[in-house]
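A.B. asks: Pasting a structure below so you can have a look.
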Amino acid sequence: MQKKRSRSNVMNFAAFICFLLALGMIIFLRLSQMESVLQWYQKYTDALSSFEQWIQKYGATWYSVLIILANFMLKAVIPWFPLSCICVACGVLFPAYLAIPINTVGAALLFTIKYFWGKKYGGGNAEKLLAKNEKAEQLVERSKIGSAVVLFFLRFFPCIPINSVSRLYGTSDIGYWKYLIVSLLGFSYKLFSYTIIGRSVYDPMSASFLLPFILLFILSGLVLLAFNGVVSLSKGEISLN
């Protein structure tokens, strides 16, 4: 019972922190519109504008696209910096109408590599952990429709290892194209948010920079609470009666 309470409390606390961070961002966004803050911030806008022009002139090249895609693929085989950093970097280098497609292709490459890796070599540590939880194993290995629904939320859910999920689904009966489409749909809100953050890094006090953070924190908090409720319900920790 103590372990159940501990898990539930940790997830609730994590959700609370997400909401608190979102509130902090909202307050900061409101303060950033004050006249005195805008006057102070004006001193840095020229430097940020020059940096943006320099990046667009020397950084936004086809070589940069290849490097970004290479980093997505490296992320599939060796420990690398967070996927969010790659998406943000792409947003820094390219306008949104290019950065989003590039990041989408990169994410598709990453999902594909680990999916077929799982098909050939098995689900790895994720499969071993899943085998210890019969209900979770049945949930993932049920019909293809069920697997797709679970996959969507695994991609949507914050902090779940992307590579582990991809490799695990490589061992399931879900078809590749369904797997890829559902994975991209589930990951799309994070991919879009990270890209817009990168695109707006030249104006860090703008709504376009801060709003994606606010939405990410709020959605993460809601998903944590929802997941905690589902787990508690499935384990009989809470009752609907």
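Scheme for the structure tokens: letters A, B, ... for chains in order shown; per-chain residue numbers from 1; ligand numbers from 1 in order shown.
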Find the residues around region 80-92 of chain A up to 10 Å (only C-alpha atoms counted), leave out those fewer than 5 positions away in its own chain, and share them as a PyMOL selection string.
C.D. replies: chain A and resi 52+55-56+59-60+64-65+67-69+71-72+74-75+97-100+102-104+106-107+110+162+190-202
A.B. asks: For the selection you just gave me, I'd like the residues written to a file as a PDB file, in the first residue's frame, keeping C-alpha atoms.
C.D. replies:
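Dumped to part.pdb:
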```pdb
ATOM      1  CA  GLU A  52      19.163  35.611 -36.627  1.00  0.00           C
ATOM      2  CA  ILE A  55      22.215  32.072 -38.816  1.00  0.00           C
ATOM      3  CA  GLN A  56      19.974  32.393 -41.853  1.00  0.00           C
ATOM      4  CA  GLY A  59      23.692  28.168 -40.962  1.00  0.00           C
ATOM      5  CA  ALA A  60      20.602  27.328 -43.021  1.00  0.00           C
ATOM      6  CA  SER A  64      22.747  21.539 -41.969  1.00  0.00           C
ATOM      7  CA  VAL A  65      19.753  19.442 -43.055  1.00  0.00           C
ATOM      8  CA  ILE A  67      23.600  16.983 -40.070  1.00  0.00           C
ATOM      9  CA  ILE A  68      20.204  17.281 -38.387  1.00  0.00           C
ATOM     10  CA  LEU A  69      18.918  14.077 -40.014  1.00  0.00           C
ATOM     11  CA  ASN A  71      21.639  13.316 -35.470  1.00  0.00           C
ATOM     12  CA  PHE A  72      18.146  11.811 -35.546  1.00  0.00           C
ATOM     13  CA  LEU A  74      22.487   8.635 -34.295  1.00  0.00           C
ATOM     14  CA  LYS A  75      19.896   9.062 -31.566  1.00  0.00           C
ATOM     15  CA  TYR A  97       7.654  25.825 -42.928  1.00  0.00           C
ATOM     16  CA  LEU A  98      10.989  24.015 -43.501  1.00  0.00           C
ATOM     17  CA  ALA A  99      11.897  23.070 -39.935  1.00  0.00           C
ATOM     18  CA  ILE A 100       8.666  21.182 -39.226  1.00  0.00           C
ATOM     19  CA  ILE A 102      12.677  18.319 -41.608  1.00  0.00           C
ATOM     20  CA  ASN A 103      11.955  17.379 -37.993  1.00  0.00           C
ATOM     21  CA  THR A 104       9.076  15.157 -39.119  1.00  0.00           C
ATOM     22  CA  GLY A 106      13.995  12.964 -38.832  1.00  0.00           C
ATOM     23  CA  ALA A 107      11.497  11.625 -36.292  1.00  0.00           C
ATOM     24  CA  LEU A 110      14.286   7.466 -35.759  1.00  0.00           C
ATOM     25  CA  ILE A 162      11.102   7.022 -27.472  1.00  0.00           C
ATOM     26  CA  LYS A 190       5.849  17.990 -29.012  1.00  0.00           C
ATOM     27  CA  LEU A 191       7.581  18.189 -32.383  1.00  0.00           C
ATOM     28  CA  PHE A 192       5.612  21.297 -33.330  1.00  0.00           C
ATOM     29  CA  SER A 193       6.199  22.944 -29.943  1.00  0.00           C
ATOM     30  CA  TYR A 194       9.951  22.280 -29.949  1.00  0.00           C
ATOM     31  CA  THR A 195      10.259  23.619 -33.493  1.00  0.00           C
ATOM     32  CA  ILE A 196       8.362  26.820 -32.692  1.00  0.00           C
ATOM     33  CA  ILE A 197      10.495  27.320 -29.569  1.00  0.00           C
ATOM     34  CA  GLY A 198      13.615  27.079 -31.735  1.00  0.00           C
ATOM     35  CA  ARG A 199      12.149  29.426 -34.322  1.00  0.00           C
ATOM     36  CA  SER A 200      11.303  32.013 -31.645  1.00  0.00           C
ATOM     37  CA  VAL A 201      14.610  31.784 -29.765  1.00  0.00           C
ATOM     38  CA  TYR A 202      15.605  35.144 -31.289  1.00  0.00           C
TER      39      TYR A 202
END
```
A.B. asks: When distances are computed from only C-alpha atoms, which of A:Ser8, A:Ser220, A:Thr61, A:Gln33 shows the smallest separation from Cys159 (chain A)?
C.D. replies: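 Smallest distance to Cys159 (chain A) is found for A:Ser220.
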A.B. asks: Give the answer as one residue: which of A:Pro204, A:Gly122, A:Gly186, A:Pro95 has the shortest atom-to-atom distance to Pro158 (chain A), using only C-alpha atoms?
C.D. replies: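 When distances to Pro158 (chain A) are compared using only C-alpha atoms, the smallest one comes from A:Gly186.
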A.B. asks: Closest to Leu222 (chain A) among A:Ala76, A:Gly118, A:Phe157, A:Tyr189, using only C-alpha atoms?
C.D. replies: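 Closest residue, counting only C-alpha atoms: A:Phe157.
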A.B. asks: Tell me, as a short mmCIF file (atom, residue, chain, number, x, y, z; two decimals) with N, CA and C atoms, in the first residue's frame, which residues lie within 12 Å of region 14-28 of chain A, counting only C-alpha atoms; anything in the same chain fewer than 3 positions away does not count.
C.D. replies:
```cif
data_model
loop_
_atom_site.label_atom_id
_atom_site.label_comp_id
_atom_site.auth_asym_id
_atom_site.auth_seq_id
_atom_site.Cartn_x
_atom_site.Cartn_y
_atom_site.Cartn_z
N ARG A 7 3.97 5.94 -5.44
CA ARG A 7 3.90 6.15 -6.89
C ARG A 7 2.87 7.21 -7.26
N SER A 8 1.71 7.12 -6.63
CA SER A 8 0.64 8.08 -6.89
C SER A 8 1.05 9.48 -6.48
N ASN A 9 1.67 9.61 -5.31
CA ASN A 9 2.10 10.92 -4.83
C ASN A 9 3.17 11.54 -5.71
N VAL A 10 4.09 10.72 -6.18
CA VAL A 10 5.17 11.22 -7.05
C VAL A 10 4.58 11.77 -8.35
N MET A 11 3.64 11.03 -8.95
CA MET A 11 3.04 11.46 -10.21
C MET A 11 2.20 12.71 -10.01
N LEU A 31 4.37 39.90 -17.39
CA LEU A 31 5.32 40.93 -16.95
C LEU A 31 6.14 41.46 -18.13
N SER A 32 6.41 40.57 -19.10
CA SER A 32 7.24 40.97 -20.24
C SER A 32 6.58 42.02 -21.12
N GLN A 33 5.27 42.23 -20.94
CA GLN A 33 4.57 43.23 -21.73
C GLN A 33 4.55 44.60 -21.07
N MET A 34 5.12 44.68 -19.88
CA MET A 34 5.17 45.97 -19.18
C MET A 34 6.14 46.91 -19.89
N VAL A 37 9.84 46.86 -18.76
CA VAL A 37 10.55 45.65 -19.19
C VAL A 37 10.86 45.72 -20.68
N PRO A 158 4.65 12.48 -21.75
CA PRO A 158 6.01 13.02 -21.55
C PRO A 158 6.91 12.04 -20.82
N CYS A 159 8.18 12.10 -21.15
CA CYS A 159 9.24 11.39 -20.41
C CYS A 159 9.31 9.88 -20.67
N PRO A 204 13.12 35.74 -27.08
CA PRO A 204 12.75 34.87 -25.96
C PRO A 204 11.70 35.42 -25.01
N MET A 205 11.32 36.67 -25.17
CA MET A 205 10.26 37.21 -24.32
C MET A 205 8.94 37.34 -25.06
N SER A 206 8.87 36.76 -26.24
CA SER A 206 7.66 36.85 -27.05
C SER A 206 6.68 35.74 -26.67
N ALA A 207 5.42 35.93 -27.04
CA ALA A 207 4.40 34.91 -26.79
C ALA A 207 4.68 33.65 -27.61
N PHE A 209 7.46 32.34 -28.24
CA PHE A 209 8.49 31.54 -27.56
C PHE A 209 7.96 30.91 -26.28
N LEU A 210 7.19 31.67 -25.51
CA LEU A 210 6.75 31.20 -24.20
C LEU A 210 5.51 30.31 -24.25
N LEU A 211 4.59 30.57 -25.18
CA LEU A 211 3.35 29.79 -25.23
C LEU A 211 3.57 28.29 -25.44
N PRO A 212 4.50 27.88 -26.34
CA PRO A 212 4.74 26.43 -26.46
C PRO A 212 5.18 25.79 -25.15
N PHE A 213 6.02 26.50 -24.36
CA PHE A 213 6.40 25.98 -23.06
C PHE A 213 5.18 25.83 -22.15
N ILE A 214 4.34 26.85 -22.15
CA ILE A 214 3.15 26.83 -21.30
C ILE A 214 2.25 25.65 -21.66
N LEU A 215 2.01 25.46 -22.96
CA LEU A 215 1.17 24.35 -23.42
C LEU A 215 1.80 23.01 -23.09
N LEU A 216 3.11 22.89 -23.27
CA LEU A 216 3.80 21.63 -22.96
C LEU A 216 3.66 21.28 -21.48
N PHE A 217 3.85 22.27 -20.62
CA PHE A 217 3.73 22.02 -19.18
C PHE A 217 2.29 21.66 -18.79
N ILE A 218 1.32 22.38 -19.34
CA ILE A 218 -0.07 22.09 -19.00
C ILE A 218 -0.48 20.70 -19.49
N LEU A 219 -0.15 20.39 -20.75
CA LEU A 219 -0.50 19.08 -21.30
C LEU A 219 0.21 17.96 -20.55
N SER A 220 1.48 18.19 -20.21
CA SER A 220 2.22 17.17 -19.46
C SER A 220 1.58 16.92 -18.11
N GLY A 221 1.17 17.99 -17.43
CA GLY A 221 0.51 17.84 -16.14
C GLY A 221 -0.80 17.10 -16.25
N LEU A 222 -1.60 17.42 -17.26
CA LEU A 222 -2.89 16.75 -17.46
C LEU A 222 -2.70 15.27 -17.79
N VAL A 223 -1.71 14.98 -18.63
CA VAL A 223 -1.46 13.58 -19.00
C VAL A 223 -0.98 12.79 -17.79
N LEU A 224 -0.12 13.40 -16.98
CA LEU A 224 0.35 12.72 -15.77
C LEU A 224 -0.81 12.39 -14.83
N LEU A 225 -1.72 13.35 -14.63
CA LEU A 225 -2.87 13.11 -13.77
C LEU A 225 -3.78 12.03 -14.35
N ALA A 226 -4.01 12.09 -15.66
CA ALA A 226 -4.88 11.11 -16.30
C ALA A 226 -4.28 9.72 -16.21
N PHE A 227 -2.99 9.61 -16.49
CA PHE A 227 -2.31 8.31 -16.42
C PHE A 227 -2.32 7.76 -15.01
N ASN A 228 -2.09 8.63 -14.03
CA ASN A 228 -2.11 8.20 -12.63
C ASN A 228 -3.49 7.67 -12.25
#
```
